[in-house]
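The file coords-v6.cif contains mmCIF, C-alpha atoms:
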data_work
#
loop_
_atom_site.label_atom_id
_atom_site.label_comp_id
_atom_site.auth_asym_id
_atom_site.auth_seq_id
_atom_site.Cartn_x
_atom_site.Cartn_y
_atom_site.Cartn_z
CA MET A 1 -47.98 8.11 4.70
CA ASN A 2 -45.25 8.27 7.32
CA ALA A 3 -42.82 5.49 8.20
CA ARG A 4 -44.76 4.26 11.24
CA ASP A 5 -47.74 3.47 9.03
CA PHE A 6 -45.79 0.56 7.58
CA ARG A 7 -46.44 -2.28 9.99
CA PRO A 8 -46.40 -5.76 8.55
CA PHE A 9 -47.76 -8.49 10.73
CA PHE A 10 -49.61 -11.73 10.56
CA SER A 11 -52.33 -12.99 12.77
CA ARG A 12 -52.91 -16.47 14.04
CA SER A 13 -56.36 -17.90 13.89
CA LYS A 14 -57.23 -21.12 15.62
CA GLY A 15 -60.17 -23.07 14.29
CA ILE A 16 -60.92 -20.37 11.72
CA THR A 17 -64.20 -20.68 9.81
CA LEU A 18 -63.57 -20.61 6.09
CA SER A 19 -66.08 -20.30 3.30
CA GLY A 20 -66.64 -23.31 1.01
CA PRO A 21 -64.65 -21.99 -1.96
CA VAL A 22 -61.70 -21.01 0.28
CA LEU A 23 -61.73 -24.42 1.94
CA ILE A 24 -61.80 -26.13 -1.47
CA GLU A 25 -58.86 -24.03 -2.69
CA LEU A 26 -56.86 -24.89 0.45
CA ILE A 27 -57.64 -28.61 0.14
CA ARG A 28 -56.37 -28.53 -3.45
CA ALA A 29 -53.26 -26.61 -2.39
CA VAL A 30 -52.45 -29.11 0.39
CA HIS A 31 -53.05 -32.03 -1.99
CA GLU A 32 -50.75 -30.47 -4.60
CA LYS A 33 -48.00 -30.83 -2.02
CA GLY A 34 -48.94 -34.46 -1.47
CA GLY A 35 -50.35 -33.72 1.98
CA ALA A 36 -53.65 -34.65 3.58
CA PHE A 37 -56.18 -32.12 4.80
CA LYS A 38 -57.68 -32.45 8.27
CA PHE A 39 -60.74 -30.64 9.50
CA ARG A 40 -63.82 -30.97 11.66
CA ALA A 41 -66.89 -32.31 9.88
CA THR A 42 -70.26 -30.82 10.65
CA GLY A 43 -73.72 -32.20 9.99
CA PHE A 44 -75.48 -35.52 10.26
CA SER A 45 -75.82 -36.69 6.67
CA MET A 46 -73.09 -39.34 7.12
CA HIS A 47 -73.92 -40.43 10.66
CA PRO A 48 -72.75 -42.83 12.10
CA ALA A 49 -69.86 -43.34 9.64
CA ILE A 50 -68.93 -39.70 10.25
CA ALA A 51 -70.50 -37.97 13.22
CA ASP A 52 -71.01 -34.25 13.69
CA GLY A 53 -67.75 -32.92 15.11
CA ASP A 54 -65.52 -35.82 14.04
CA ARG A 55 -62.16 -34.78 12.68
CA VAL A 56 -61.67 -36.20 9.21
CA LEU A 57 -58.73 -36.53 6.88
CA ILE A 58 -59.13 -35.88 3.18
CA ASP A 59 -56.42 -37.80 1.36
CA PRO A 60 -55.53 -36.87 -2.20
CA LEU A 61 -56.79 -39.28 -4.84
CA GLY A 62 -54.14 -41.85 -5.57
CA ARG A 63 -53.50 -43.49 -8.87
CA SER A 64 -56.52 -45.73 -8.47
CA ALA A 65 -59.92 -44.27 -9.16
CA PRO A 66 -62.39 -43.90 -6.28
CA ALA A 67 -64.60 -46.95 -5.83
CA ILE A 68 -68.25 -47.45 -4.97
CA GLY A 69 -68.56 -47.45 -1.18
CA ASP A 70 -65.74 -44.95 -0.65
CA ILE A 71 -66.51 -41.76 1.24
CA ALA A 72 -65.40 -38.79 -0.83
CA ALA A 73 -65.05 -35.05 -0.39
CA PHE A 74 -66.41 -33.30 -3.44
CA ILE A 75 -67.75 -30.05 -4.79
CA GLN A 76 -71.49 -30.19 -4.37
CA PRO A 77 -73.01 -29.68 -7.84
CA GLU A 78 -75.90 -27.52 -6.60
CA THR A 79 -74.17 -25.27 -4.09
CA GLY A 80 -70.56 -25.32 -5.27
CA GLY A 81 -69.61 -25.92 -1.62
CA LEU A 82 -67.68 -28.75 -0.01
CA ALA A 83 -69.57 -31.93 0.86
CA ILE A 84 -68.60 -35.35 2.16
CA HIS A 85 -70.78 -38.25 1.04
CA ARG A 86 -70.53 -41.84 -0.09
CA ILE A 87 -70.03 -42.95 -3.68
CA ILE A 88 -73.00 -45.11 -4.64
CA GLY A 89 -72.65 -45.28 -8.39
CA LYS A 90 -70.45 -44.57 -11.37
CA ASN A 91 -71.13 -43.64 -14.96
CA GLY A 92 -68.01 -43.18 -17.07
CA ASP A 93 -65.90 -40.54 -15.30
CA ALA A 94 -68.78 -39.30 -13.17
CA TYR A 95 -69.69 -40.50 -9.70
CA LEU A 96 -73.05 -40.62 -8.00
CA LEU A 97 -72.83 -39.54 -4.36
CA LYS A 98 -75.28 -39.65 -1.51
CA GLY A 99 -75.16 -39.03 2.22
CA ASP A 100 -75.88 -42.20 4.21
CA ASN A 101 -78.77 -40.36 5.89
CA ALA A 102 -79.85 -38.30 2.92
CA LEU A 103 -83.07 -39.08 1.15
CA GLU A 104 -81.77 -38.13 -2.27
CA ALA A 105 -78.49 -38.48 -4.08
CA ASP A 106 -76.41 -35.40 -4.89
CA GLY A 107 -76.37 -36.25 -8.58
CA TYR A 108 -73.42 -37.19 -10.75
CA VAL A 109 -70.17 -35.44 -9.97
CA PRO A 110 -67.28 -35.39 -12.45
CA GLN A 111 -64.05 -36.93 -11.16
CA THR A 112 -62.39 -33.50 -11.41
CA ASP A 113 -64.76 -32.32 -8.65
CA ILE A 114 -63.88 -35.22 -6.35
CA LEU A 115 -61.33 -33.63 -4.01
CA GLY A 116 -60.21 -36.74 -2.17
CA LEU A 117 -61.16 -39.74 -0.12
CA VAL A 118 -62.21 -39.27 3.48
CA ARG A 119 -61.42 -41.19 6.63
CA VAL A 120 -62.17 -40.40 10.24
CA ALA A 121 -59.05 -39.29 12.07
CA GLU A 122 -60.53 -38.64 15.52
CA ARG A 123 -63.96 -39.29 16.86
CA ARG A 124 -65.57 -36.45 18.70
CA ARG A 125 -65.37 -37.13 22.42
CA TRP A 126 -68.54 -38.75 23.64
CA LEU A 127 -69.06 -36.09 26.31
CA ASN A 128 -69.36 -33.48 23.58
CA ARG A 129 -72.03 -35.54 21.89
CA PHE A 130 -74.41 -35.08 24.82
CA PRO A 131 -77.75 -33.72 23.74
CA VAL A 132 -78.05 -30.01 24.49
CA PHE A 133 -80.35 -30.36 27.50
CA LEU A 134 -78.00 -32.91 29.13
CA ARG A 135 -75.06 -30.60 28.47
CA LYS A 136 -76.91 -27.76 30.22
CA ILE A 137 -77.53 -29.97 33.28
CA ARG A 138 -73.88 -31.04 33.29
CA ASP A 139 -72.69 -27.41 33.05
CA ARG A 140 -75.05 -26.35 35.88
CA LEU A 141 -73.79 -29.17 38.11
CA ASN A 142 -70.21 -28.12 37.37
CA ARG A 143 -71.00 -24.52 38.31
CA ILE A 144 -72.62 -25.61 41.59
CA ARG A 145 -69.64 -27.86 42.36
CA ARG A 146 -67.19 -24.99 41.66
CA ARG A 147 -69.18 -22.62 43.93
CA GLY A 148 -69.17 -25.22 46.68
CA SER A 149 -65.41 -25.78 46.57
CA MET B 13 -33.28 -18.52 20.37
CA LYS B 14 -34.37 -15.69 18.10
CA ALA B 15 -34.10 -16.42 14.39
CA LYS B 16 -31.95 -13.78 12.71
CA ALA B 17 -32.74 -12.51 9.25
CA ASN B 18 -30.02 -11.15 7.02
CA LEU B 19 -30.75 -8.01 5.02
CA ASN B 20 -28.58 -9.21 2.14
CA ALA B 21 -30.16 -12.66 1.93
CA CYS B 22 -33.30 -13.71 0.16
CA TYR B 23 -35.96 -15.90 1.73
CA ILE B 24 -38.54 -18.13 0.11
CA PRO B 25 -41.65 -19.85 1.45
CA SER B 26 -40.81 -23.12 3.18
CA GLU B 27 -41.85 -26.54 1.88
CA ASN B 28 -43.64 -27.08 5.20
CA ILE B 29 -46.43 -24.65 4.49
CA VAL B 30 -49.17 -24.10 1.98
CA ALA B 31 -49.86 -20.47 1.21
CA ARG B 32 -52.63 -19.25 -1.01
CA GLU B 33 -53.87 -15.81 -1.90
CA ILE B 34 -57.62 -16.23 -1.95
CA GLU B 35 -60.13 -13.41 -2.23
CA GLY B 36 -57.40 -10.87 -1.46
CA GLU B 37 -56.25 -12.68 1.71
CA VAL B 38 -53.03 -14.64 2.08
CA ILE B 39 -53.77 -17.76 4.10
CA ILE B 40 -50.85 -19.82 5.35
CA VAL B 41 -51.45 -23.41 6.46
CA PRO B 42 -48.54 -25.12 8.23
CA LEU B 43 -48.06 -28.76 7.19
CA VAL B 44 -47.24 -30.94 10.18
CA SER B 45 -46.09 -34.43 9.12
CA GLY B 46 -47.68 -33.78 5.73
CA ILE B 47 -51.06 -32.80 7.18
CA GLY B 48 -52.67 -29.40 6.91
CA ASP B 49 -54.89 -29.20 9.97
CA MET B 50 -57.65 -26.61 10.07
CA ASP B 51 -57.90 -26.98 13.85
CA ASP B 52 -54.29 -25.87 14.18
CA GLU B 53 -53.28 -22.31 13.73
CA LEU B 54 -53.76 -20.75 10.32
CA TYR B 55 -52.09 -17.49 9.54
CA THR B 56 -53.30 -14.48 7.62
CA LEU B 57 -51.27 -11.43 6.74
CA ASN B 58 -52.20 -7.76 6.85
CA GLU B 59 -51.77 -5.55 3.80
CA HIS B 60 -48.11 -4.81 4.51
CA GLY B 61 -47.36 -8.43 5.34
CA ARG B 62 -48.95 -9.44 2.04
CA ALA B 63 -46.78 -6.92 0.18
CA ILE B 64 -43.63 -8.45 1.71
CA TRP B 65 -44.87 -12.00 1.09
CA ARG B 66 -45.42 -11.33 -2.63
CA LEU B 67 -41.91 -9.89 -2.94
CA LEU B 68 -40.39 -12.84 -1.06
CA ASN B 69 -41.82 -15.05 -3.78
CA ASN B 70 -39.74 -13.08 -6.30
CA LYS B 71 -36.52 -14.16 -4.57
CA LYS B 72 -35.39 -10.61 -3.80
CA THR B 73 -33.04 -9.77 -0.96
CA LEU B 74 -34.63 -8.15 2.08
CA LYS B 75 -32.70 -4.98 1.28
CA THR B 76 -34.28 -4.81 -2.20
CA ILE B 77 -37.71 -5.62 -0.77
CA ALA B 78 -37.37 -2.84 1.80
CA ALA B 79 -36.22 -0.37 -0.89
CA ASP B 80 -39.19 -1.31 -3.13
CA LEU B 81 -41.65 -0.95 -0.26
CA SER B 82 -40.24 2.32 1.04
CA ARG B 83 -40.84 3.77 -2.44
CA GLU B 84 -44.31 2.26 -2.67
CA TYR B 85 -45.35 3.46 0.77
CA THR B 86 -43.20 6.64 0.74
CA ALA B 87 -41.76 5.58 4.06
CA SER B 88 -38.22 5.92 5.40
CA PRO B 89 -36.02 3.08 4.08
CA GLY B 90 -34.40 2.54 7.50
CA GLU B 91 -37.75 2.07 9.24
CA VAL B 92 -39.05 -0.22 6.51
CA GLU B 93 -35.85 -2.31 6.65
CA ARG B 94 -36.35 -2.81 10.37
CA ASP B 95 -39.98 -3.80 9.86
CA VAL B 96 -39.16 -6.18 7.01
CA ILE B 97 -36.45 -7.84 9.10
CA GLY B 98 -38.76 -8.12 12.11
CA PHE B 99 -41.50 -9.65 9.98
CA VAL B 100 -39.18 -12.16 8.28
CA GLU B 101 -37.71 -13.13 11.66
CA GLU B 102 -41.22 -13.95 12.86
CA LEU B 103 -41.73 -16.08 9.74
CA LEU B 104 -38.36 -17.79 10.32
CA LYS B 105 -39.27 -18.52 13.94
CA ARG B 106 -42.37 -20.36 12.70
CA LYS B 107 -40.41 -22.09 9.91
CA MET B 108 -42.59 -20.51 7.23
CA VAL B 109 -39.67 -19.27 5.16
CA VAL B 110 -36.15 -20.50 4.53
CA GLU B 111 -33.11 -18.71 3.26
CA CYS B 112 -32.64 -19.09 -0.51
CA PRO B 113 -30.03 -21.70 -1.32
CA ARG B 114 -26.71 -20.07 -2.14
CA LEU B 115 -25.55 -20.63 -5.69
#

Encoded form using structure tokens:
Amino acid sequence: MNARDFRPFFSRSKGITLSGPVLIELIRAVHEKGGAFKFRATGFSMHPAIADGDRVLIDPLGRSAPAIGDIAAFIQPETGGLAIHRIIGKNGDAYLLKGDNALEADGYVPQTDILGLVRVAERRRWLNRFPVFLRKIRDRLNRIRRRGS
Amino acid sequence: MKAKANLNACYIPSENIVAREIEGEVIIVPLVSGIGDMDDELYTLNEHGRAIWRLLNNKKTLKTIAADLSREYTASPGEVERDVIGFVEELLKRKMVVECPRL
């Protein structure tokens, strides 16, 4: 290897898509520093409390235990991925979680797999919540307007 | 103003970032007002950047890091020193590392 082969650099990635386990590891790392973790939620299982595209904050668990009714980020028992649902029950140190729109609960999750409590930081702009066909019409009108100007 | 790195100083990761080596990748998340925001820029390092990052964690001077890496990569020490300094200056510019406190 010659000297010019040594080229350290870093790359910036905006809005990077991370796998569930990586995201979970990063959430834990940010929480270890006492920080909160912000990211864009996807899916409809918590609509309207959390809409698809809302930016949510995951706060680290404080000294008080999560309570029934809280929205929590947790490691989904079946998939091992990250999920955000509401706490609907408690049994000892385990919590029963369920999406507001889900038909079935996720099952009991040990407190060690509850990553933090969730609150909405920013609602997705209403324009971006247009149904797809309306968005297409809007985009076509914009294109026509641009061509005309 | 360009941040200057000193070859005889050591640098450590700043308190304003979270860095994790996950699945062979180093991912750096800047903390802005205590919040790590996935919609902001995240940083990943290439192989050589990762090698420097690991050595920074050992609190070695940049000169020692460059000497270690020039042996590891059988590259000229002078060239590696320049690259290490350039890399650390980029990290300094983004406040990802700070100079080790002097004892």

Select from chain B every residue with an atom at most 8 Å from any atom of chain A, then for each give the shortest pair of atoms and their distance in Å to one decimal, using all atoms listed in the file, rows by chain and rising number, as JSON lines.
{"residue": "B:Val30", "atom": "CA", "partner": "A:Val30", "partner_atom": "CA", "distance": 6.2}
{"residue": "B:Ala31", "atom": "CA", "partner": "A:Ala29", "partner_atom": "CA", "distance": 7.9}
{"residue": "B:Arg32", "atom": "CA", "partner": "A:Leu26", "partner_atom": "CA", "distance": 7.2}
{"residue": "B:Ile34", "atom": "CA", "partner": "A:Val22", "partner_atom": "CA", "distance": 6.7}
{"residue": "B:Leu43", "atom": "CA", "partner": "A:Gly35", "partner_atom": "CA", "distance": 7.5}
{"residue": "B:Gly46", "atom": "CA", "partner": "A:Gly35", "partner_atom": "CA", "distance": 4.6}
{"residue": "B:Ile47", "atom": "CA", "partner": "A:Ala36", "partner_atom": "CA", "distance": 4.8}
{"residue": "B:Gly48", "atom": "CA", "partner": "A:Phe37", "partner_atom": "CA", "distance": 4.9}
{"residue": "B:Asp49", "atom": "CA", "partner": "A:Lys38", "partner_atom": "CA", "distance": 4.6}
{"residue": "B:Met50", "atom": "CA", "partner": "A:Phe39", "partner_atom": "CA", "distance": 5.1}
{"residue": "B:Asp51", "atom": "CA", "partner": "A:Gly15", "partner_atom": "CA", "distance": 4.5}
{"residue": "B:Asp52", "atom": "CA", "partner": "A:Lys14", "partner_atom": "CA", "distance": 5.8}
{"residue": "B:Glu53", "atom": "CA", "partner": "A:Lys14", "partner_atom": "CA", "distance": 4.5}
{"residue": "B:Leu54", "atom": "CA", "partner": "A:Ser13", "partner_atom": "CA", "distance": 5.3}
{"residue": "B:Tyr55", "atom": "CA", "partner": "A:Arg12", "partner_atom": "CA", "distance": 4.7}
{"residue": "B:Thr56", "atom": "CA", "partner": "A:Ser11", "partner_atom": "CA", "distance": 5.4}
{"residue": "B:Leu57", "atom": "CA", "partner": "A:Phe10", "partner_atom": "CA", "distance": 4.2}
{"residue": "B:Asn58", "atom": "CA", "partner": "A:Phe9", "partner_atom": "CA", "distance": 5.9}
{"residue": "B:Glu59", "atom": "CA", "partner": "A:Pro8", "partner_atom": "CA", "distance": 7.2}
{"residue": "B:His60", "atom": "CA", "partner": "A:Pro8", "partner_atom": "CA", "distance": 4.5}
{"residue": "B:Gly61", "atom": "CA", "partner": "A:Pro8", "partner_atom": "CA", "distance": 4.3}
{"residue": "B:Arg62", "atom": "CA", "partner": "A:Pro8", "partner_atom": "CA", "distance": 7.9}
{"residue": "B:Ile64", "atom": "CA", "partner": "A:Pro8", "partner_atom": "CA", "distance": 7.9}
{"residue": "B:Tyr85", "atom": "CA", "partner": "A:Met1", "partner_atom": "CA", "distance": 6.6}
{"residue": "B:Thr86", "atom": "CA", "partner": "A:Met1", "partner_atom": "CA", "distance": 6.4}
{"residue": "B:Ala87", "atom": "CA", "partner": "A:Ala3", "partner_atom": "CA", "distance": 4.3}
{"residue": "B:Ser88", "atom": "CA", "partner": "A:Ala3", "partner_atom": "CA", "distance": 5.4}
{"residue": "B:Glu91", "atom": "CA", "partner": "A:Ala3", "partner_atom": "CA", "distance": 6.2}
{"residue": "B:Val92", "atom": "CA", "partner": "A:Phe6", "partner_atom": "CA", "distance": 6.9}
{"residue": "B:Asp95", "atom": "CA", "partner": "A:Arg7", "partner_atom": "CA", "distance": 6.6}
{"residue": "B:Val96", "atom": "CA", "partner": "A:Pro8", "partner_atom": "CA", "distance": 7.4}
{"residue": "B:Phe99", "atom": "CA", "partner": "A:Phe9", "partner_atom": "CA", "distance": 6.4}

The selected residues should be written to file as a PDB file, in the frame of the given file (atoms: C-alpha atoms).
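Writing done, so here's part-v9.pdb:
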ATOM      1  CA  VAL B  30     -49.170 -24.100   1.980  1.00  0.00           C
ATOM      2  CA  ALA B  31     -49.860 -20.470   1.210  1.00  0.00           C
ATOM      3  CA  ARG B  32     -52.630 -19.250  -1.010  1.00  0.00           C
ATOM      4  CA  ILE B  34     -57.620 -16.230  -1.950  1.00  0.00           C
ATOM      5  CA  LEU B  43     -48.060 -28.760   7.190  1.00  0.00           C
ATOM      6  CA  GLY B  46     -47.680 -33.780   5.730  1.00  0.00           C
ATOM      7  CA  ILE B  47     -51.060 -32.800   7.180  1.00  0.00           C
ATOM      8  CA  GLY B  48     -52.670 -29.400   6.910  1.00  0.00           C
ATOM      9  CA  ASP B  49     -54.890 -29.200   9.970  1.00  0.00           C
ATOM     10  CA  MET B  50     -57.650 -26.610  10.070  1.00  0.00           C
ATOM     11  CA  ASP B  51     -57.900 -26.980  13.850  1.00  0.00           C
ATOM     12  CA  ASP B  52     -54.290 -25.870  14.180  1.00  0.00           C
ATOM     13  CA  GLU B  53     -53.280 -22.310  13.730  1.00  0.00           C
ATOM     14  CA  LEU B  54     -53.760 -20.750  10.320  1.00  0.00           C
ATOM     15  CA  TYR B  55     -52.090 -17.490   9.540  1.00  0.00           C
ATOM     16  CA  THR B  56     -53.300 -14.480   7.620  1.00  0.00           C
ATOM     17  CA  LEU B  57     -51.270 -11.430   6.740  1.00  0.00           C
ATOM     18  CA  ASN B  58     -52.200  -7.760   6.850  1.00  0.00           C
ATOM     19  CA  GLU B  59     -51.770  -5.550   3.800  1.00  0.00           C
ATOM     20  CA  HIS B  60     -48.110  -4.810   4.510  1.00  0.00           C
ATOM     21  CA  GLY B  61     -47.360  -8.430   5.340  1.00  0.00           C
ATOM     22  CA  ARG B  62     -48.950  -9.440   2.040  1.00  0.00           C
ATOM     23  CA  ILE B  64     -43.630  -8.450   1.710  1.00  0.00           C
ATOM     24  CA  TYR B  85     -45.350   3.460   0.770  1.00  0.00           C
ATOM     25  CA  THR B  86     -43.200   6.640   0.740  1.00  0.00           C
ATOM     26  CA  ALA B  87     -41.760   5.580   4.060  1.00  0.00           C
ATOM     27  CA  SER B  88     -38.220   5.920   5.400  1.00  0.00           C
ATOM     28  CA  GLU B  91     -37.750   2.070   9.240  1.00  0.00           C
ATOM     29  CA  VAL B  92     -39.050  -0.220   6.510  1.00  0.00           C
ATOM     30  CA  ASP B  95     -39.980  -3.800   9.860  1.00  0.00           C
ATOM     31  CA  VAL B  96     -39.160  -6.180   7.010  1.00  0.00           C
ATOM     32  CA  PHE B  99     -41.500  -9.650   9.980  1.00  0.00           C
TER      33      PHE B  99
END

List as a JSON list (two decimals) with C-alpha atoms, keeping the file's coordinate frame the protein and nucleic acid residues near region 95-106 of chain A, meaning an atom at most 10 Å away when all atoms listed in the file are counted, but skip any in the same chain fewer than 4 places from it.
[["chain", "number", "residue", "atom", "x", "y", "z"],
["A", 44, "PHE", "CA", -75.48, -35.52, 10.26],
["A", 45, "SER", "CA", -75.82, -36.69, 6.67],
["A", 46, "MET", "CA", -73.09, -39.34, 7.12],
["A", 47, "HIS", "CA", -73.92, -40.43, 10.66],
["A", 48, "PRO", "CA", -72.75, -42.83, 12.10],
["A", 49, "ALA", "CA", -69.86, -43.34, 9.64],
["A", 50, "ILE", "CA", -68.93, -39.70, 10.25],
["A", 66, "PRO", "CA", -62.39, -43.90, -6.28],
["A", 67, "ALA", "CA", -64.60, -46.95, -5.83],
["A", 68, "ILE", "CA", -68.25, -47.45, -4.97],
["A", 69, "GLY", "CA", -68.56, -47.45, -1.18],
["A", 70, "ASP", "CA", -65.74, -44.95, -0.65],
["A", 71, "ILE", "CA", -66.51, -41.76, 1.24],
["A", 72, "ALA", "CA", -65.40, -38.79, -0.83],
["A", 73, "ALA", "CA", -65.05, -35.05, -0.39],
["A", 74, "PHE", "CA", -66.41, -33.30, -3.44],
["A", 76, "GLN", "CA", -71.49, -30.19, -4.37],
["A", 77, "PRO", "CA", -73.01, -29.68, -7.84],
["A", 78, "GLU", "CA", -75.90, -27.52, -6.60],
["A", 83, "ALA", "CA", -69.57, -31.93, 0.86],
["A", 84, "ILE", "CA", -68.60, -35.35, 2.16],
["A", 85, "HIS", "CA", -70.78, -38.25, 1.04],
["A", 86, "ARG", "CA", -70.53, -41.84, -0.09],
["A", 87, "ILE", "CA", -70.03, -42.95, -3.68],
["A", 88, "ILE", "CA", -73.00, -45.11, -4.64],
["A", 89, "GLY", "CA", -72.65, -45.28, -8.39],
["A", 90, "LYS", "CA", -70.45, -44.57, -11.37],
["A", 91, "ASN", "CA", -71.13, -43.64, -14.96],
["A", 110, "PRO", "CA", -67.28, -35.39, -12.45],
["A", 111, "GLN", "CA", -64.05, -36.93, -11.16],
["A", 113, "ASP", "CA", -64.76, -32.32, -8.65],
["A", 114, "ILE", "CA", -63.88, -35.22, -6.35]]

Residues picked by the PyMOL selection byres ((chain B and resi 17) around 10) here, as a list of chain:residue names? B:Lys14, B:Ala15, B:Lys16, B:Asn18, B:Leu19, B:Asn20, B:Ala21, B:Cys22, B:Tyr23, B:Leu74, B:Val96, B:Ile97, B:Gly98, B:Phe99, B:Val100, B:Glu101, B:Glu102, B:Leu103, B:Leu104, B:Val110, B:Glu111

What is the CA of Asp54 (chain A)-CA of Val120 (chain A) distance in Å, reported with one decimal? 6.8 Å

Picked residues, the PyMOL selection byres ((chain B and resi 26) around 6), as a PyMOL selection string: chain B and resi 25+27-29+108-110

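Taking CA of Ala78 (chain B) and CA of Trp65 (chain B) as endpoints, the distance between them is 11.9 Å.
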
Find the distance between CA of Glu33 (chain B) and CA of Arg66 (chain B) and write it in Å to one decimal. 9.6 Å

Return the single residue from A:Gly53, A:Gly92, A:Gly43, A:Gly81 that is closest to Ile24 (chain A), with distances computed using all atoms listed in the file. A:Gly81

Can you save region 43-90 of chain B of the given block to a file, including C-alpha atoms and formatted as a PDB file, in the first residue's frame?
ATOM      1  CA  LEU B  43     -26.111  16.425  20.344  1.00  0.00           C
ATOM      2  CA  VAL B  44     -27.671  19.844  19.891  1.00  0.00           C
ATOM      3  CA  SER B  45     -29.078  21.212  23.173  1.00  0.00           C
ATOM      4  CA  GLY B  46     -29.026  17.661  24.519  1.00  0.00           C
ATOM      5  CA  ILE B  47     -30.981  16.220  21.600  1.00  0.00           C
ATOM      6  CA  GLY B  48     -29.682  13.695  19.118  1.00  0.00           C
ATOM      7  CA  ASP B  49     -31.713  14.372  15.984  1.00  0.00           C
ATOM      8  CA  MET B  50     -31.843  11.724  13.270  1.00  0.00           C
ATOM      9  CA  ASP B  51     -33.049  14.318  10.761  1.00  0.00           C
ATOM     10  CA  ASP B  52     -29.856  16.288  11.292  1.00  0.00           C
ATOM     11  CA  GLU B  53     -26.598  15.164   9.869  1.00  0.00           C
ATOM     12  CA  LEU B  54     -25.151  11.913  11.119  1.00  0.00           C
ATOM     13  CA  TYR B  55     -21.571  11.077  10.365  1.00  0.00           C
ATOM     14  CA  THR B  56     -19.931   7.823   9.422  1.00  0.00           C
ATOM     15  CA  LEU B  57     -16.226   7.226   9.003  1.00  0.00           C
ATOM     16  CA  ASN B  58     -14.357   5.273   6.359  1.00  0.00           C
ATOM     17  CA  GLU B  59     -11.897   2.550   7.333  1.00  0.00           C
ATOM     18  CA  HIS B  60      -9.002   4.960   7.834  1.00  0.00           C
ATOM     19  CA  GLY B  61     -11.160   7.434   9.718  1.00  0.00           C
ATOM     20  CA  ARG B  62     -12.277   4.616  12.003  1.00  0.00           C
ATOM     21  CA  ALA B  63      -8.645   3.639  12.639  1.00  0.00           C
ATOM     22  CA  ILE B  64      -7.848   7.213  13.731  1.00  0.00           C
ATOM     23  CA  TRP B  65     -11.041   7.459  15.798  1.00  0.00           C
ATOM     24  CA  ARG B  66     -10.180   4.301  17.778  1.00  0.00           C
ATOM     25  CA  LEU B  67      -6.701   5.642  18.512  1.00  0.00           C
ATOM     26  CA  LEU B  68      -8.082   9.031  19.568  1.00  0.00           C
ATOM     27  CA  ASN B  69     -10.038   7.189  22.221  1.00  0.00           C
ATOM     28  CA  ASN B  70      -6.720   5.925  23.623  1.00  0.00           C
ATOM     29  CA  LYS B  71      -5.596   9.503  24.322  1.00  0.00           C
ATOM     30  CA  LYS B  72      -2.516   9.298  22.108  1.00  0.00           C
ATOM     31  CA  THR B  73      -0.895  12.333  20.545  1.00  0.00           C
ATOM     32  CA  LEU B  74      -1.501  12.808  16.836  1.00  0.00           C
ATOM     33  CA  LYS B  75       2.193  12.160  16.243  1.00  0.00           C
ATOM     34  CA  THR B  76       1.935   8.744  17.946  1.00  0.00           C
ATOM     35  CA  ILE B  77      -1.289   7.965  16.092  1.00  0.00           C
ATOM     36  CA  ALA B  78       0.344   8.826  12.763  1.00  0.00           C
ATOM     37  CA  ALA B  79       3.400   6.691  13.608  1.00  0.00           C
ATOM     38  CA  ASP B  80       1.165   3.730  14.566  1.00  0.00           C
ATOM     39  CA  LEU B  81      -0.878   4.056  11.382  1.00  0.00           C
ATOM     40  CA  SER B  82       2.099   4.501   9.069  1.00  0.00           C
ATOM     41  CA  ARG B  83       3.404   1.163  10.394  1.00  0.00           C
ATOM     42  CA  GLU B  84       0.007  -0.492  10.095  1.00  0.00           C
ATOM     43  CA  TYR B  85      -0.584   0.758   6.564  1.00  0.00           C
ATOM     44  CA  THR B  86       3.110   0.764   5.528  1.00  0.00           C
ATOM     45  CA  ALA B  87       2.678   4.340   4.412  1.00  0.00           C
ATOM     46  CA  SER B  88       5.080   7.276   4.664  1.00  0.00           C
ATOM     47  CA  PRO B  89       4.914   8.842   8.159  1.00  0.00           C
ATOM     48  CA  GLY B  90       4.947  12.388   6.737  1.00  0.00           C
TER      49      GLY B  90
END
